[in-house]
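Raw contents of work_5.pdb, PDB, C-alpha atoms:
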ATOM      1  CA  GLU A   1       0.000   0.000   0.000
ATOM      2  CA  ASP A   2       1.345   3.395  -1.020
ATOM      3  CA  GLN A   3       1.825   5.918   1.777
ATOM      4  CA  VAL A   4       2.637   9.633   1.792
ATOM      5  CA  THR A   5       3.516  11.687   4.879
ATOM      6  CA  GLN A   6       3.952  15.440   4.737
ATOM      7  CA  SER A   7       5.619  17.646   7.316
ATOM      8  CA  PRO A   8       5.182  20.014   8.938
ATOM      9  CA  GLU A   9       1.377  20.131   9.060
ATOM     10  CA  ALA A  10       1.525  23.922   9.223
ATOM     11  CA  LEU A  11       4.275  26.470   8.639
ATOM     12  CA  ARG A  12       4.276  30.208   9.238
ATOM     13  CA  LEU A  13       6.980  32.284   7.579
ATOM     14  CA  GLN A  14       7.787  35.933   7.381
ATOM     15  CA  GLU A  15       7.878  37.372   3.881
ATOM     16  CA  GLY A  16      11.342  36.661   2.448
ATOM     17  CA  GLU A  17      12.096  33.836   4.919
ATOM     18  CA  SER A  18      13.032  30.754   2.859
ATOM     19  CA  SER A  19      12.112  27.246   4.003
ATOM     20  CA  SER A  20      11.322  23.717   2.823
ATOM     21  CA  LEU A  21       8.342  21.384   2.985
ATOM     22  CA  ASN A  22       8.898  17.648   3.237
ATOM     23  CA  CYS A  23       7.085  14.734   1.588
ATOM     24  CA  SER A  24       8.134  11.228   2.622
ATOM     25  CA  TYR A  25       6.742   8.356   0.618
ATOM     26  CA  THR A  26       6.537   4.577   0.508
ATOM     27  CA  VAL A  27       5.628   3.048  -2.820
ATOM     28  CA  SER A  28       6.423  -0.193  -4.556
ATOM     29  CA  GLY A  29       8.019   1.312  -7.621
ATOM     30  CA  LEU A  30       7.593   5.043  -8.192
ATOM     31  CA  ARG A  31       6.061   6.099 -11.477
ATOM     32  CA  GLY A  32       5.800   9.756 -10.497
ATOM     33  CA  LEU A  33       5.646  12.192  -7.576
ATOM     34  CA  PHE A  34       3.435  15.241  -7.871
ATOM     35  CA  TRP A  35       3.112  18.549  -6.060
ATOM     36  CA  TYR A  36      -0.137  20.479  -6.005
ATOM     37  CA  ARG A  37      -1.157  23.808  -4.516
ATOM     38  CA  GLN A  38      -4.609  24.285  -2.971
ATOM     39  CA  ASP A  39      -6.112  27.643  -2.079
ATOM     40  CA  PRO A  40      -8.954  27.801   0.487
ATOM     41  CA  GLY A  41     -12.295  26.764  -0.986
ATOM     42  CA  LYS A  42     -10.773  25.665  -4.300
ATOM     43  CA  GLY A  43      -9.601  22.496  -5.968
ATOM     44  CA  PRO A  44      -5.907  21.559  -6.067
ATOM     45  CA  GLU A  45      -3.785  23.019  -8.844
ATOM     46  CA  PHE A  46      -0.939  21.004 -10.360
ATOM     47  CA  LEU A  47       2.589  22.360  -9.863
ATOM     48  CA  PHE A  48       5.274  19.741 -10.633
ATOM     49  CA  THR A  49       5.938  16.154 -11.651
ATOM     50  CA  LEU A  50       9.159  14.389 -10.624
ATOM     51  CA  TYR A  51      10.027  10.966 -12.007
ATOM     52  CA  SER A  52      13.421   9.896 -10.695
ATOM     53  CA  ALA A  53      15.823  10.529  -7.827
ATOM     54  CA  GLY A  54      17.986  13.576  -8.403
ATOM     55  CA  GLU A  55      15.438  15.336 -10.565
ATOM     56  CA  GLU A  56      14.595  18.986  -9.832
ATOM     57  CA  LYS A  57      11.852  21.281 -11.159
ATOM     58  CA  GLU A  58      11.494  25.034 -10.629
ATOM     59  CA  LYS A  59       8.697  27.529 -10.981
ATOM     60  CA  GLU A  60       9.125  31.095  -9.777
ATOM     61  CA  ARG A  61       9.987  30.880  -6.049
ATOM     62  CA  LEU A  62       9.348  27.130  -5.825
ATOM     63  CA  LYS A  63      11.785  24.294  -6.437
ATOM     64  CA  ALA A  64      10.903  20.631  -6.027
ATOM     65  CA  THR A  65      13.524  17.923  -5.542
ATOM     66  CA  LEU A  66      13.321  14.145  -5.284
ATOM     67  CA  THR A  67      15.287  11.400  -3.550
ATOM     68  CA  LYS A  68      14.473   7.688  -3.300
ATOM     69  CA  LYS A  69      12.489   8.209  -0.096
ATOM     70  CA  GLU A  70      11.336  11.815  -0.028
ATOM     71  CA  SER A  71      10.699  15.026  -1.891
ATOM     72  CA  PHE A  72      11.240  18.597  -0.804
ATOM     73  CA  LEU A  73       9.456  21.728  -1.916
ATOM     74  CA  HIS A  74      11.833  24.608  -1.365
ATOM     75  CA  ILE A  75      10.321  28.079  -1.164
ATOM     76  CA  THR A  76      12.786  30.920  -1.706
ATOM     77  CA  ALA A  77      11.955  34.428  -0.460
ATOM     78  CA  PRO A  78       8.229  33.679  -0.184
ATOM     79  CA  LYS A  79       5.527  36.305  -0.606
ATOM     80  CA  PRO A  80       2.082  36.438   1.029
ATOM     81  CA  GLU A  81       0.527  35.189  -2.222
ATOM     82  CA  ASP A  82       2.405  31.907  -1.743
ATOM     83  CA  SER A  83       0.146  31.173   1.233
ATOM     84  CA  ALA A  84      -1.755  27.961   0.467
ATOM     85  CA  THR A  85      -1.858  24.275   1.311
ATOM     86  CA  TYR A  86       0.743  22.269  -0.600
ATOM     87  CA  LEU A  87      -0.127  18.651  -1.368
ATOM     88  CA  CYS A  88       2.180  15.835  -2.394
ATOM     89  CA  ALA A  89       1.007  12.695  -4.215
ATOM     90  CA  VAL A  90       2.603   9.523  -5.587
ATOM     91  CA  GLN A  91       1.732   7.222  -8.450
ATOM     92  CA  GLY A  92       3.002   3.661  -8.252
ATOM     93  CA  SER A  93       4.389   1.566 -11.053
ATOM     94  CA  ILE A  94       2.272  -0.675 -13.274
ATOM     95  CA  SER A  95       3.688  -3.780 -11.574
ATOM     96  CA  SER A  96       2.681  -2.426  -8.129
ATOM     97  CA  GLY A  97      -0.971  -2.251  -9.173
ATOM     98  CA  SER A  98      -1.340   1.397  -8.200
ATOM     99  CA  ALA A  99      -0.391   3.055 -11.478
ATOM    100  CA  ARG A 100      -3.951   4.177 -12.168
ATOM    101  CA  GLN A 101      -4.424   6.102  -8.945
ATOM    102  CA  LEU A 102      -2.737   8.794  -6.908
ATOM    103  CA  THR A 103      -2.115   8.582  -3.168
ATOM    104  CA  PHE A 104      -2.067  11.995  -1.503
ATOM    105  CA  GLY A 105      -0.517  13.241   1.697
ATOM    106  CA  SER A 106      -2.521  15.392   4.089
ATOM    107  CA  GLY A 107      -0.697  18.552   3.056
ATOM    108  CA  THR A 108       1.289  21.406   4.586
ATOM    109  CA  GLN A 109      -0.596  24.619   5.249
ATOM    110  CA  LEU A 110       1.785  27.489   4.516
ATOM    111  CA  THR A 111       1.150  31.018   5.754
ATOM    112  CA  VAL A 112       3.463  33.824   4.673
ATOM    113  CA  LEU A 113       3.128  36.959   6.764
ATOM    114  CA  PRO A 114       3.838  40.400   5.284
TER
ATOM    115  CA  ASN B   1     -12.498  25.642 -22.175
ATOM    116  CA  ALA B   2     -14.473  25.489 -18.942
ATOM    117  CA  GLY B   3     -12.128  22.772 -17.635
ATOM    118  CA  VAL B   4     -13.671  20.551 -14.957
ATOM    119  CA  THR B   5     -17.066  21.651 -13.689
ATOM    120  CA  GLN B   6     -18.965  20.314 -10.667
ATOM    121  CA  THR B   7     -22.529  20.827  -9.519
ATOM    122  CA  PRO B   8     -23.899  21.599  -7.043
ATOM    123  CA  LYS B   9     -21.391  23.697  -5.112
ATOM    124  CA  PHE B  10     -23.127  23.091  -1.787
ATOM    125  CA  GLN B  11     -25.643  20.439  -0.705
ATOM    126  CA  VAL B  12     -27.344  19.448   2.535
ATOM    127  CA  LEU B  13     -28.913  15.998   2.771
ATOM    128  CA  LYS B  14     -30.753  14.111   5.442
ATOM    129  CA  THR B  15     -29.550  10.672   6.460
ATOM    130  CA  GLY B  16     -30.881   8.063   4.057
ATOM    131  CA  GLN B  17     -31.451  10.390   1.119
ATOM    132  CA  SER B  18     -29.772   9.746  -2.202
ATOM    133  CA  MET B  19     -28.288  12.194  -4.645
ATOM    134  CA  THR B  20     -25.930  12.555  -7.588
ATOM    135  CA  LEU B  21     -22.936  14.852  -7.736
ATOM    136  CA  GLN B  22     -22.282  15.959 -11.283
ATOM    137  CA  CYS B  23     -18.868  16.270 -12.928
ATOM    138  CA  ALA B  24     -18.084  17.240 -16.504
ATOM    139  CA  GLN B  25     -14.934  18.089 -18.439
ATOM    140  CA  ASP B  26     -14.530  19.568 -21.909
ATOM    141  CA  MET B  27     -10.873  18.657 -22.501
ATOM    142  CA  ASN B  28     -11.495  15.213 -24.043
ATOM    143  CA  HIS B  29      -9.696  13.589 -21.127
ATOM    144  CA  GLU B  30      -9.794   9.801 -20.849
ATOM    145  CA  TYR B  31      -9.145   9.621 -17.104
ATOM    146  CA  MET B  32     -11.569  10.949 -14.512
ATOM    147  CA  SER B  33     -11.680  10.458 -10.773
ATOM    148  CA  TRP B  34     -13.555  11.365  -7.605
ATOM    149  CA  TYR B  35     -11.915  12.245  -4.291
ATOM    150  CA  ARG B  36     -13.188  13.235  -0.901
ATOM    151  CA  GLN B  37     -11.270  15.618   1.323
ATOM    152  CA  ASP B  38     -11.660  15.599   5.071
ATOM    153  CA  PRO B  39      -9.740  17.721   7.612
ATOM    154  CA  GLY B  40      -6.343  16.239   8.372
ATOM    155  CA  MET B  41      -6.809  13.307   5.980
ATOM    156  CA  GLY B  42      -5.893  14.732   2.621
ATOM    157  CA  LEU B  43      -7.552  13.597  -0.587
ATOM    158  CA  ARG B  44      -8.811  10.019  -0.725
ATOM    159  CA  LEU B  45      -9.761   8.346  -3.989
ATOM    160  CA  ILE B  46     -13.345   7.068  -4.197
ATOM    161  CA  HIS B  47     -13.703   5.818  -7.782
ATOM    162  CA  TYR B  48     -11.943   6.388 -11.056
ATOM    163  CA  SER B  49     -12.449   5.766 -14.767
ATOM    164  CA  VAL B  50      -9.811   5.221 -17.461
ATOM    165  CA  GLY B  51     -12.309   5.737 -20.271
ATOM    166  CA  ALA B  52     -15.964   5.645 -21.223
ATOM    167  CA  GLY B  53     -17.571   2.446 -19.976
ATOM    168  CA  ILE B  54     -14.698   1.572 -17.622
ATOM    169  CA  THR B  55     -14.749   2.327 -13.889
ATOM    170  CA  ASP B  56     -12.889   0.982 -10.869
ATOM    171  CA  GLN B  57     -12.815   1.406  -7.117
ATOM    172  CA  GLY B  58     -10.374   3.547  -5.214
ATOM    173  CA  GLU B  59      -9.473   3.610  -1.543
ATOM    174  CA  VAL B  60     -12.919   4.482  -0.106
ATOM    175  CA  PRO B  61     -15.669   3.280  -2.499
ATOM    176  CA  ASN B  62     -18.305   2.064  -0.027
ATOM    177  CA  GLY B  63     -21.589   3.951  -0.237
ATOM    178  CA  TYR B  64     -20.836   5.433  -3.649
ATOM    179  CA  ASN B  65     -21.588   4.407  -7.236
ATOM    180  CA  VAL B  66     -20.257   5.742 -10.504
ATOM    181  CA  SER B  67     -20.823   5.223 -14.212
ATOM    182  CA  ARG B  68     -19.110   6.631 -17.300
ATOM    183  CA  SER B  69     -21.385   6.551 -20.326
ATOM    184  CA  THR B  70     -19.616   9.423 -22.111
ATOM    185  CA  THR B  71     -16.078  10.803 -22.162
ATOM    186  CA  GLU B  72     -17.266  14.140 -20.762
ATOM    187  CA  ASP B  73     -19.355  13.122 -17.741
ATOM    188  CA  PHE B  74     -18.577  11.171 -14.577
ATOM    189  CA  PRO B  75     -21.388  11.416 -11.996
ATOM    190  CA  LEU B  76     -21.000  10.208  -8.417
ATOM    191  CA  ARG B  77     -24.072   8.729  -6.753
ATOM    192  CA  LEU B  78     -24.628   8.526  -3.019
ATOM    193  CA  LEU B  79     -27.009   5.634  -2.499
ATOM    194  CA  SER B  80     -28.168   6.293   1.076
ATOM    195  CA  ALA B  81     -26.411   9.271   2.643
ATOM    196  CA  ALA B  82     -24.785   8.899   6.058
ATOM    197  CA  PRO B  83     -23.247  11.564   8.335
ATOM    198  CA  SER B  84     -19.831   9.954   7.681
ATOM    199  CA  GLN B  85     -20.166  11.111   4.072
ATOM    200  CA  THR B  86     -20.076  14.753   5.110
ATOM    201  CA  SER B  87     -17.056  16.023   3.211
ATOM    202  CA  VAL B  88     -15.805  18.096   0.306
ATOM    203  CA  TYR B  89     -15.880  16.155  -2.957
ATOM    204  CA  PHE B  90     -13.537  16.866  -5.848
ATOM    205  CA  CYS B  91     -13.675  15.579  -9.378
ATOM    206  CA  ALA B  92     -10.469  15.502 -11.429
ATOM    207  CA  SER B  93      -9.412  14.555 -14.942
ATOM    208  CA  SER B  94      -6.287  13.983 -16.998
ATOM    209  CA  TYR B  95      -5.532  13.080 -20.604
ATOM    210  CA  SER B  96      -4.594   9.528 -19.626
ATOM    211  CA  TRP B  97      -4.200   7.402 -16.493
ATOM    212  CA  ARG B  98      -0.462   7.479 -17.283
ATOM    213  CA  GLU B  99      -0.413  11.146 -16.265
ATOM    214  CA  GLY B 100      -0.592  12.063 -12.604
ATOM    215  CA  SER B 101      -0.984  15.752 -13.388
ATOM    216  CA  GLN B 102      -4.737  16.076 -12.987
ATOM    217  CA  TYR B 103      -7.071  19.034 -13.401
ATOM    218  CA  PHE B 104      -9.420  19.437 -10.445
ATOM    219  CA  GLY B 105     -12.895  20.890 -10.285
ATOM    220  CA  PRO B 106     -13.961  23.499  -7.715
ATOM    221  CA  GLY B 107     -15.506  20.949  -5.367
ATOM    222  CA  THR B 108     -18.899  20.172  -3.816
ATOM    223  CA  ARG B 109     -19.333  20.696  -0.087
ATOM    224  CA  LEU B 110     -21.772  18.068   1.195
ATOM    225  CA  THR B 111     -23.317  18.007   4.651
ATOM    226  CA  VAL B 112     -25.381  15.028   5.815
ATOM    227  CA  THR B 113     -27.514  15.615   8.906
TER
END

Here is a file; write its structure as structure tokens.
Amino acid sequence: EDQVTQSPEALRLQEGESSSLNCSYTVSGLRGLFWYRQDPGKGPEFLFTLYSAGEEKEKERLKATLTKKESFLHITAPKPEDSATYLCAVQGSISSGSARQLTFGSGTQLTVLP
Amino acid sequence: NAGVTQTPKFQVLKTGQSMTLQCAQDMNHEYMSWYRQDPGMGLRLIHYSVGAGITDQGEVPNGYNVSRSTTEDFPLRLLSAAPSQTSVYFCASSYSWREGSQYFGPGTRLTVT
């Protein structure tokens, strides 16, 4: 059974204070790891896909990295508009039987104070 | 493109009532899915479909039915609502099950009393 654990549950930062969110996962063969952003009262919005250890993706102030056991979402010099819940999800390999579904973590609620 | 649309946005049901949550997408996506989101538990997969006429169960399918008669629509039916089904429901779609980058709808907030 695929499992995803995100930490911390909540994070408060001052504007400009860089930090990282963690996503630890257990999956029998990783097909892909995904980061989503969710604003209050809205559906999640896709940010990144990572496929193999060592891979990195960047978008504005966000950079996602992947190892064999975890992924980090690094936020550099955050702004108040980066405040949201960040969700991590994994997709298992075809041989694991979980390739057709995503398993999500419970998310990290990020608040960036001005 | 409207993307993924869901109706209604809010719904209150009494225990034992049935209803259908509607989901539609106009992107010609093969893969569609339903999730529920509860505080502290993240998104949990209820049912999914890899194409018209094909559906399968996710992590928490009990109490829910789905069908996929067209590519565009993927309704979720609650057979006999229970308070434990109070949640926010999201529909999502992607071009193929091979892609994990899904487009999500705005959600339906359901309360069962």

Using all atoms listed in the file: which of A:Ala99, A:Ala10, A:Ala53, A:Ala64 has the shortest distance to chain B:
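For chain B, the nearest of the given residues is A:Ala99.
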
Dump as JSON, numbers by chain the residues of chain B that approach chain A to within 6 Å, counting only C-alpha atoms.
{"B": [40, 41, 42, 43, 97, 104, 105, 106]}

Got a sec to resolve the PyMOL selection byres ((chain A and resi 16) around 12) on this structure and send the residues as a PyMOL selection string?
chain A and resi 12-15+17-19+61+75-82+112-114

Can you write just those residues out, C-alpha atoms, as a short mmCIF file (atom, residue, chain, number, x, y, z; two decimals), keeping the file's coordinate frame?
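This is the output file part.cif:
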data_model
loop_
_atom_site.label_atom_id
_atom_site.label_comp_id
_atom_site.auth_asym_id
_atom_site.auth_seq_id
_atom_site.Cartn_x
_atom_site.Cartn_y
_atom_site.Cartn_z
CA ARG A 12 4.28 30.21 9.24
CA LEU A 13 6.98 32.28 7.58
CA GLN A 14 7.79 35.93 7.38
CA GLU A 15 7.88 37.37 3.88
CA GLU A 17 12.10 33.84 4.92
CA SER A 18 13.03 30.75 2.86
CA SER A 19 12.11 27.25 4.00
CA ARG A 61 9.99 30.88 -6.05
CA ILE A 75 10.32 28.08 -1.16
CA THR A 76 12.79 30.92 -1.71
CA ALA A 77 11.96 34.43 -0.46
CA PRO A 78 8.23 33.68 -0.18
CA LYS A 79 5.53 36.30 -0.61
CA PRO A 80 2.08 36.44 1.03
CA GLU A 81 0.53 35.19 -2.22
CA ASP A 82 2.40 31.91 -1.74
CA VAL A 112 3.46 33.82 4.67
CA LEU A 113 3.13 36.96 6.76
CA PRO A 114 3.84 40.40 5.28
#

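Computed from the coordinates, the CA of Phe74 in chain B to CA of Gln38 in chain A distance equals 22.4 Å.
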
Mind pulling up the distance from CA of Phe10 in chain B to CA of Gly107 in chain B?
8.7 Å

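Near (-13.3, 6.6, -21.8), the residues inside the 12 Å limit, counting only C-alpha atoms, come to Asn28, His29, Glu30, Tyr31, Met32, Ser33, Tyr48, Ser49, Val50, Gly51, Ala52, Gly53, Ile54, Thr55, Ser67, Arg68, Ser69, Thr70, Thr71, Glu72, Asp73, Phe74, Ser93, Ser94, Tyr95, Ser96 and Trp97 of chain B.
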
Which residues, written as number ranges by chain, have at least one atom at most 7 Å from Gly58 in chain B, with only C-alpha atoms counted and residues fewer than 3 positions away on the same chain left out?
B: 45-48, 61

Suppose you want the space between CA of Thr111 in chain B and CA of Gln57 in chain B; what is it in Å?
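Computed distance, CA of Thr111 in chain B to CA of Gln57 in chain B, equals 22.9 Å.
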
For Tyr89 in chain B: contacts at 8 Å, only C-alpha atoms, fewer than 2 positions along chain excluded, given as a ChimeraX atom specification
/B:34-37,87,91,107-110

Show me, as a list in words, the residues that have an atom within 10 Å of Met19 in chain B when counting all atoms listed in the file, minus same-chain residues fewer than 6 positions from it.
Gln11, Leu13, Leu76, Arg77, Leu78, Leu79, Ser80 and Ala81 of chain B

Find the residue from A:Ser95, A:Ser52, A:Gln109, A:Thr85 that sits nearest to Arg37 in chain A; use all atoms listed in the file when measuring.
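Distance minimum relative to Arg37 in chain A lands on A:Thr85.
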
Just so the selection is clear, what residues does the PyMOL selection byres ((chain B and resi 23) around 6) cover here, as a list in words?
Thr5, Gln6, Gln22, Ala24, Asp73, Phe74 and Pro75 of chain B

Grab the residues selected above and save them as a short mmCIF file (atom, residue, chain, number, x, y, z; two decimals), keeping the file's coordinate frame with C-alpha atoms.
data_model
loop_
_atom_site.label_atom_id
_atom_site.label_comp_id
_atom_site.auth_asym_id
_atom_site.auth_seq_id
_atom_site.Cartn_x
_atom_site.Cartn_y
_atom_site.Cartn_z
CA THR B 5 -17.07 21.65 -13.69
CA GLN B 6 -18.96 20.31 -10.67
CA GLN B 22 -22.28 15.96 -11.28
CA ALA B 24 -18.08 17.24 -16.50
CA ASP B 73 -19.36 13.12 -17.74
CA PHE B 74 -18.58 11.17 -14.58
CA PRO B 75 -21.39 11.42 -12.00
#

The PyMOL selection byres ((chain A and resi 22) around 7) applied to the shown file, residues as a PyMOL selection string
chain A and resi 6-7+20-21+23-24+71-73

Emit the selected residues as a compact mmCIF listing (two decimals), keeping the file's coordinate frame, including C-alpha atoms.
# COMPACT_ATOMS: atom_id res chain seq x y z
CA GLN A 6 3.95 15.44 4.74
CA SER A 7 5.62 17.65 7.32
CA SER A 20 11.32 23.72 2.82
CA LEU A 21 8.34 21.38 2.98
CA CYS A 23 7.08 14.73 1.59
CA SER A 24 8.13 11.23 2.62
CA SER A 71 10.70 15.03 -1.89
CA PHE A 72 11.24 18.60 -0.80
CA LEU A 73 9.46 21.73 -1.92

Kindly compute an axis-aligned box around the listed atoms of range 15-22 of chain B, allowing 6 Å on each side, and express its centre and edge lengths in Å to one decimal as lines of an AutoDock Vina configuration file.
center_x = -26.9
center_y = 12.0
center_z = -2.4
size_x = 21.2
size_y = 19.9
size_z = 29.7

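Distances here use all atoms listed in the file; by that measure, the residue among B:Ser18, B:Glu59, B:Asp26, B:Ala2 closest to Glu1 in chain A is B:Glu59.
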
Set the distance at 7 Å and use all atoms listed in the file: which residues neighbour Ser96 in chain A once local chain neighbours fewer than 3 positions away are removed? I'd like the list as a count of residues only.
4
